[in-house]
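Scroll down for the structure; my scribbles are underneath it.
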Amino acid sequence: MYDNSNYNQNPEQSARDKIDKMLAEAGWAVQDNKKVNLGAAQGIAVREYQTSAGPADYVLFVDKKPVGIIEAKREEAGQNITVVEEQSAEYANAKLKYLNNDPLPFVYESTGVITHFTDCRDPKPRARNVFSFHRPETIAEWLKKQNSLRTRLCQMPELDETGLRKAQIKAIKNLEHSFKKNRPRALIQMATGAGKTFTAATFIYSCFPLCC
């Protein structure tokens, strides 16, 4: 039998229903702003939370502390979802009702089909596509590290060049430069026998403490 329970919903409410489901699947407890219980779970998503910039579609709390917002848009707006990033930033930098909070570091824009995420702690914050909302425990781990991964990649230790060939040193330093410039993709091309495996292993060894 055809389920027409959502047939008469407007596009905005349909998007929010999808977002509610995504949040629940990612381990968040979704609550109405009139029935807030921040102790009900590690991660709480409160709908229509009042801020100094107006009501935010969702405010995210982890361990009872505000950590982010979600700006919900109807599915038809998905192709132009980047245009609402400025609006999302206003909510993230606003004061929450009853709280004297700092700016919130994690910002999402979502239609329930397309979701963008920005870590405002990055040196040059920018939105990127994600498949789902991050889990509360993941965000809790990020907050323990204080600096974001992209920030930590700008703080790489000096390369120990002992035992490395010139081509290997050049490749590693260029790769470090690429990551410091906030370029998440890079390609190393080296001739056969130039030591590609050792180059990759050396770079991974250098980055491992920053990524964990």
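Every chain in the structure tokens has a letter given in the order shown (A, B, ...), and although residue numbers restart at 1 in each chain, ligands are simply numbered from 1 in the order shown.
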
Run DSSP on the backbone and give me the residues of chain A it puts in alpha helix (DSSP H), as a ChimeraX atom specification. /A:11-25,85-92,136-145,149-152,166-180,196-211

Let me see the file: selected residues, C-alpha atoms, as a tab-separated table (two decimals), in the first residue's frame.
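Below is the file that was written, out-v2.tsv:
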chain	number	residue	atom	x	y	z
A	11	PRO	CA	9.03	21.07	1.05
A	12	GLU	CA	10.59	22.61	4.17
A	13	GLN	CA	8.87	20.19	6.55
A	14	SER	CA	9.74	17.25	4.30
A	15	ALA	CA	13.41	18.28	4.43
A	16	ARG	CA	13.30	18.54	8.22
A	17	ASP	CA	11.78	15.08	8.53
A	18	LYS	CA	14.68	13.70	6.50
A	19	ILE	CA	17.18	15.63	8.63
A	20	ASP	CA	15.56	14.32	11.82
A	21	LYS	CA	16.00	10.77	10.52
A	22	MET	CA	19.63	11.41	9.54
A	23	LEU	CA	20.37	12.84	12.98
A	24	ALA	CA	18.77	9.87	14.74
A	25	GLU	CA	20.75	7.44	12.58
A	85	GLU	CA	26.51	29.64	4.25
A	86	GLU	CA	26.50	33.30	5.30
A	87	GLN	CA	23.17	32.79	7.06
A	88	SER	CA	24.54	29.69	8.81
A	89	ALA	CA	27.57	31.66	9.97
A	90	GLU	CA	25.30	34.29	11.55
A	91	TYR	CA	23.62	31.65	13.69
A	92	ALA	CA	26.95	30.04	14.58
A	136	PRO	CA	28.32	13.10	18.87
A	137	GLU	CA	31.26	11.01	20.08
A	138	THR	CA	33.26	12.01	16.99
A	139	ILE	CA	32.67	15.69	17.70
A	140	ALA	CA	33.56	15.14	21.36
A	141	GLU	CA	36.92	13.67	20.26
A	142	TRP	CA	37.54	16.63	17.93
A	143	LEU	CA	36.90	19.09	20.74
A	144	LYS	CA	39.39	17.33	23.01
A	145	LYS	CA	42.09	18.10	20.42
A	149	LEU	CA	43.05	18.48	11.55
A	150	ARG	CA	43.75	21.13	8.92
A	151	THR	CA	45.18	23.40	11.59
A	152	ARG	CA	47.41	20.61	12.87
A	166	LYS	CA	66.98	14.53	-2.82
A	167	ALA	CA	63.93	13.46	-4.83
A	168	GLN	CA	62.30	12.03	-1.71
A	169	ILE	CA	62.98	15.18	0.31
A	170	LYS	CA	61.54	17.35	-2.44
A	171	ALA	CA	58.43	15.17	-2.76
A	172	ILE	CA	57.73	15.19	1.00
A	173	LYS	CA	58.29	18.93	1.38
A	174	ASN	CA	56.04	19.69	-1.59
A	175	LEU	CA	53.35	17.46	-0.11
A	176	GLU	CA	53.66	19.24	3.24
A	177	HIS	CA	53.36	22.58	1.45
A	178	SER	CA	50.24	21.37	-0.36
A	179	PHE	CA	48.49	20.39	2.88
A	180	LYS	CA	49.54	23.62	4.61
A	196	LYS	CA	58.16	5.95	-3.66
A	197	THR	CA	57.23	3.44	-0.95
A	198	PHE	CA	59.76	4.82	1.53
A	199	THR	CA	58.68	8.37	0.68
A	200	ALA	CA	55.04	7.53	1.41
A	201	ALA	CA	55.93	5.71	4.62
A	202	THR	CA	58.09	8.61	5.82
A	203	PHE	CA	55.33	11.15	5.22
A	204	ILE	CA	52.71	8.97	6.93
A	205	TYR	CA	55.03	8.53	9.91
A	206	SER	CA	55.47	12.31	10.14
A	207	CYS	CA	51.73	13.02	9.89
A	208	PHE	CA	50.45	10.21	12.08
A	209	PRO	CA	50.76	12.08	15.42
A	210	LEU	CA	48.92	15.06	13.92
A	211	CYS	CA	46.02	12.99	12.59

Neighbouring residues of Ile70 of chain A were defined as those with any atom within 6 Å, considering only C-alpha atoms; residues of the same chain fewer than 2 positions away were excluded. Please report them as a ChimeraX atom specification. /A:58,108-109

Residue nearest Ala56 of chain A - candidates A:Leu153, A:Ile69, A:Leu164, A:Ala127, atoms counted: only C-alpha atoms: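 Under the stated criterion, the closest residue is A:Ile69.
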
Those in segment 65-208 of chain A with strand (DSSP E) from DSSP, as a list of chain:residue names: A:Lys65, A:Pro66, A:Val67, A:Gly68, A:Ile69, A:Ile70, A:Glu71, A:Ala72, A:Phe106, A:Val107, A:Tyr108, A:Glu109, A:Ser110, A:Thr115, A:His116, A:Phe117, A:Thr118, A:Asp119, A:Arg128, A:Asn129, A:Val130

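Of the residues under consideration (A:Gln155, A:Lys34, A:Val84, A:Ala29), A:Ala29 shows the shortest atom-to-atom contact distance to Leu60 of chain A when counting only C-alpha atoms.
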
Which residues, written as a ChimeraX atom specification, have at least one atom at most 10 Å from His116 of chain A, with only C-alpha atoms counted and residues fewer than 5 positions away on the same chain left out? /A:70-71,78,81-82,85,107-111,126-133

Any chance you can output those residues with C-alpha atoms as a PDB file, in the first residue's frame?
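part-v1.pdb written:
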ATOM      1  CA  ILE A  70      22.235  23.028  11.133  1.00  0.00           C
ATOM      2  CA  GLU A  71      20.575  25.264   8.568  1.00  0.00           C
ATOM      3  CA  GLY A  78      20.290  21.789  -2.927  1.00  0.00           C
ATOM      4  CA  ILE A  81      23.016  25.415  -0.923  1.00  0.00           C
ATOM      5  CA  THR A  82      26.288  27.324  -0.686  1.00  0.00           C
ATOM      6  CA  GLU A  85      26.513  29.635   4.253  1.00  0.00           C
ATOM      7  CA  VAL A 107      28.209  24.303  10.851  1.00  0.00           C
ATOM      8  CA  TYR A 108      25.984  22.257   8.550  1.00  0.00           C
ATOM      9  CA  GLU A 109      23.642  23.136   5.708  1.00  0.00           C
ATOM     10  CA  SER A 110      21.335  20.311   4.677  1.00  0.00           C
ATOM     11  CA  THR A 111      18.326  19.495   2.544  1.00  0.00           C
ATOM     12  CA  ARG A 126      35.228  26.096   3.789  1.00  0.00           C
ATOM     13  CA  ALA A 127      32.226  23.852   3.308  1.00  0.00           C
ATOM     14  CA  ARG A 128      32.543  20.333   1.976  1.00  0.00           C
ATOM     15  CA  ASN A 129      30.059  17.594   1.126  1.00  0.00           C
ATOM     16  CA  VAL A 130      29.462  14.901   3.742  1.00  0.00           C
ATOM     17  CA  PHE A 131      27.301  11.789   3.520  1.00  0.00           C
ATOM     18  CA  SER A 132      25.792  12.153   6.989  1.00  0.00           C
ATOM     19  CA  PHE A 133      26.014  14.174  10.167  1.00  0.00           C
TER      20      PHE A 133
END

Exercise: Thr51 of chain A partners within 12 Å, only C-alpha atoms, chain neighbours under 3 positions left out, as a tab-separated table (two decimals) with N, CA and C atoms, in the first residue's frame:
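Wrote out.tsv, looks like this:
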chain	number	residue	atom	x	y	z
A	33	ASN	N	12.18	22.59	20.98
A	33	ASN	CA	12.75	23.64	21.83
A	33	ASN	C	11.95	23.89	23.11
A	47	ARG	N	15.48	21.63	17.88
A	47	ARG	CA	14.84	22.34	16.78
A	47	ARG	C	14.47	23.77	17.18
A	48	GLU	N	14.64	24.70	16.23
A	48	GLU	CA	14.17	26.08	16.39
A	48	GLU	C	14.66	26.71	17.69
A	54	GLY	N	17.94	35.20	15.62
A	54	GLY	CA	16.68	34.55	15.27
A	54	GLY	C	16.76	33.06	15.57
A	55	PRO	N	15.66	32.33	15.36
A	55	PRO	CA	15.66	30.90	15.66
A	55	PRO	C	16.50	30.10	14.65
A	56	ALA	N	17.45	29.34	15.16
A	56	ALA	CA	18.24	28.44	14.30
A	56	ALA	C	17.45	27.16	14.09
A	57	ASP	N	17.51	26.61	12.89
A	57	ASP	CA	16.75	25.40	12.59
A	57	ASP	C	17.08	24.28	13.58
A	58	TYR	N	18.38	24.06	13.81
A	58	TYR	CA	18.82	23.09	14.82
A	58	TYR	C	20.08	23.64	15.50
A	59	VAL	N	20.16	23.50	16.79
A	59	VAL	CA	21.41	23.73	17.52
A	59	VAL	C	21.85	22.41	18.11
A	66	PRO	N	26.85	23.64	23.70
A	66	PRO	CA	26.53	23.91	22.30
A	66	PRO	C	27.78	23.82	21.43
A	69	ILE	N	25.47	24.18	14.57
A	69	ILE	CA	24.11	24.45	14.09
A	69	ILE	C	23.90	23.75	12.75
A	88	SER	N	24.11	30.67	7.81
A	88	SER	CA	24.54	29.69	8.81
A	88	SER	C	25.58	30.28	9.74
A	90	GLU	N	25.92	33.35	10.61
A	90	GLU	CA	25.30	34.29	11.55
A	90	GLU	C	24.77	33.56	12.78
A	91	TYR	N	24.13	32.44	12.56
A	91	TYR	CA	23.62	31.65	13.69
A	91	TYR	C	24.77	31.09	14.52
A	92	ALA	N	25.82	30.62	13.85
A	92	ALA	CA	26.95	30.04	14.58
A	92	ALA	C	27.66	31.06	15.45
A	93	ASN	N	27.61	32.33	15.05
A	93	ASN	CA	28.29	33.39	15.80
A	93	ASN	C	27.35	34.15	16.74
A	94	ALA	N	26.09	33.74	16.77
A	94	ALA	CA	25.09	34.41	17.60
A	94	ALA	C	25.14	33.89	19.04
A	95	LYS	N	24.52	34.64	19.94
A	95	LYS	CA	24.36	34.20	21.32
A	95	LYS	C	23.09	33.36	21.43
A	96	LEU	N	23.20	32.22	22.10
A	96	LEU	CA	22.04	31.36	22.31
A	96	LEU	C	21.26	31.82	23.54
A	97	LYS	N	19.96	31.66	23.47
A	97	LYS	CA	19.10	32.05	24.59
A	97	LYS	C	19.50	31.27	25.85
A	98	TYR	N	19.61	31.96	26.95
A	98	TYR	CA	19.98	31.42	28.26
A	98	TYR	C	21.46	31.08	28.40
A	99	LEU	N	22.25	31.26	27.35
A	99	LEU	CA	23.66	30.84	27.39
A	99	LEU	C	24.58	31.98	26.99
A	100	ASN	N	25.74	32.02	27.60
A	100	ASN	CA	26.77	32.99	27.22
A	100	ASN	C	27.85	32.23	26.45
A	101	ASN	N	27.51	31.80	25.25
A	101	ASN	CA	28.36	30.88	24.49
A	101	ASN	C	29.36	31.61	23.61
A	103	PRO	N	31.37	31.47	19.81
A	103	PRO	CA	30.93	31.03	18.48
A	103	PRO	C	31.01	29.51	18.35
A	104	LEU	N	30.02	28.93	17.69
A	104	LEU	CA	29.95	27.47	17.55
A	104	LEU	C	30.80	27.01	16.38

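When only C-alpha atoms are used to measure the gap to Ser148 of chain A, the shortest distance among A:Cys120, A:Ala186, A:Ala191, A:Ala26 belongs to A:Cys120.
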
Grab the atom CA of His134 of chain A to atom CA of Asn10 of chain A distance for me, in Å with one decimal place. 26.8 Å

Go ahead and compute the interatomic distance for atom CA of Ala194 of chain A and atom CA of Leu159 of chain A, in Å to one decimal.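 We find that atom CA of Ala194 of chain A and atom CA of Leu159 of chain A lie 18.4 Å from each other.
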
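Atom CA of Asp32 of chain A to atom CA of Gln146 of chain A spans 29.5 Å [interatomic distance, one decimal].
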
Compile the contact shell of segment 36-42 of chain A as a list in words: residues with an atom at most 9 Å away, counting only C-alpha atoms, same-chain residues fewer than 5 positions apart removed.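 Residues meeting the cut-off are Gly27, Trp28, Ala29, Gln31, Phe61, Val62, Asp63, Lys64, Lys65, Pro136 and Glu137 of chain A.
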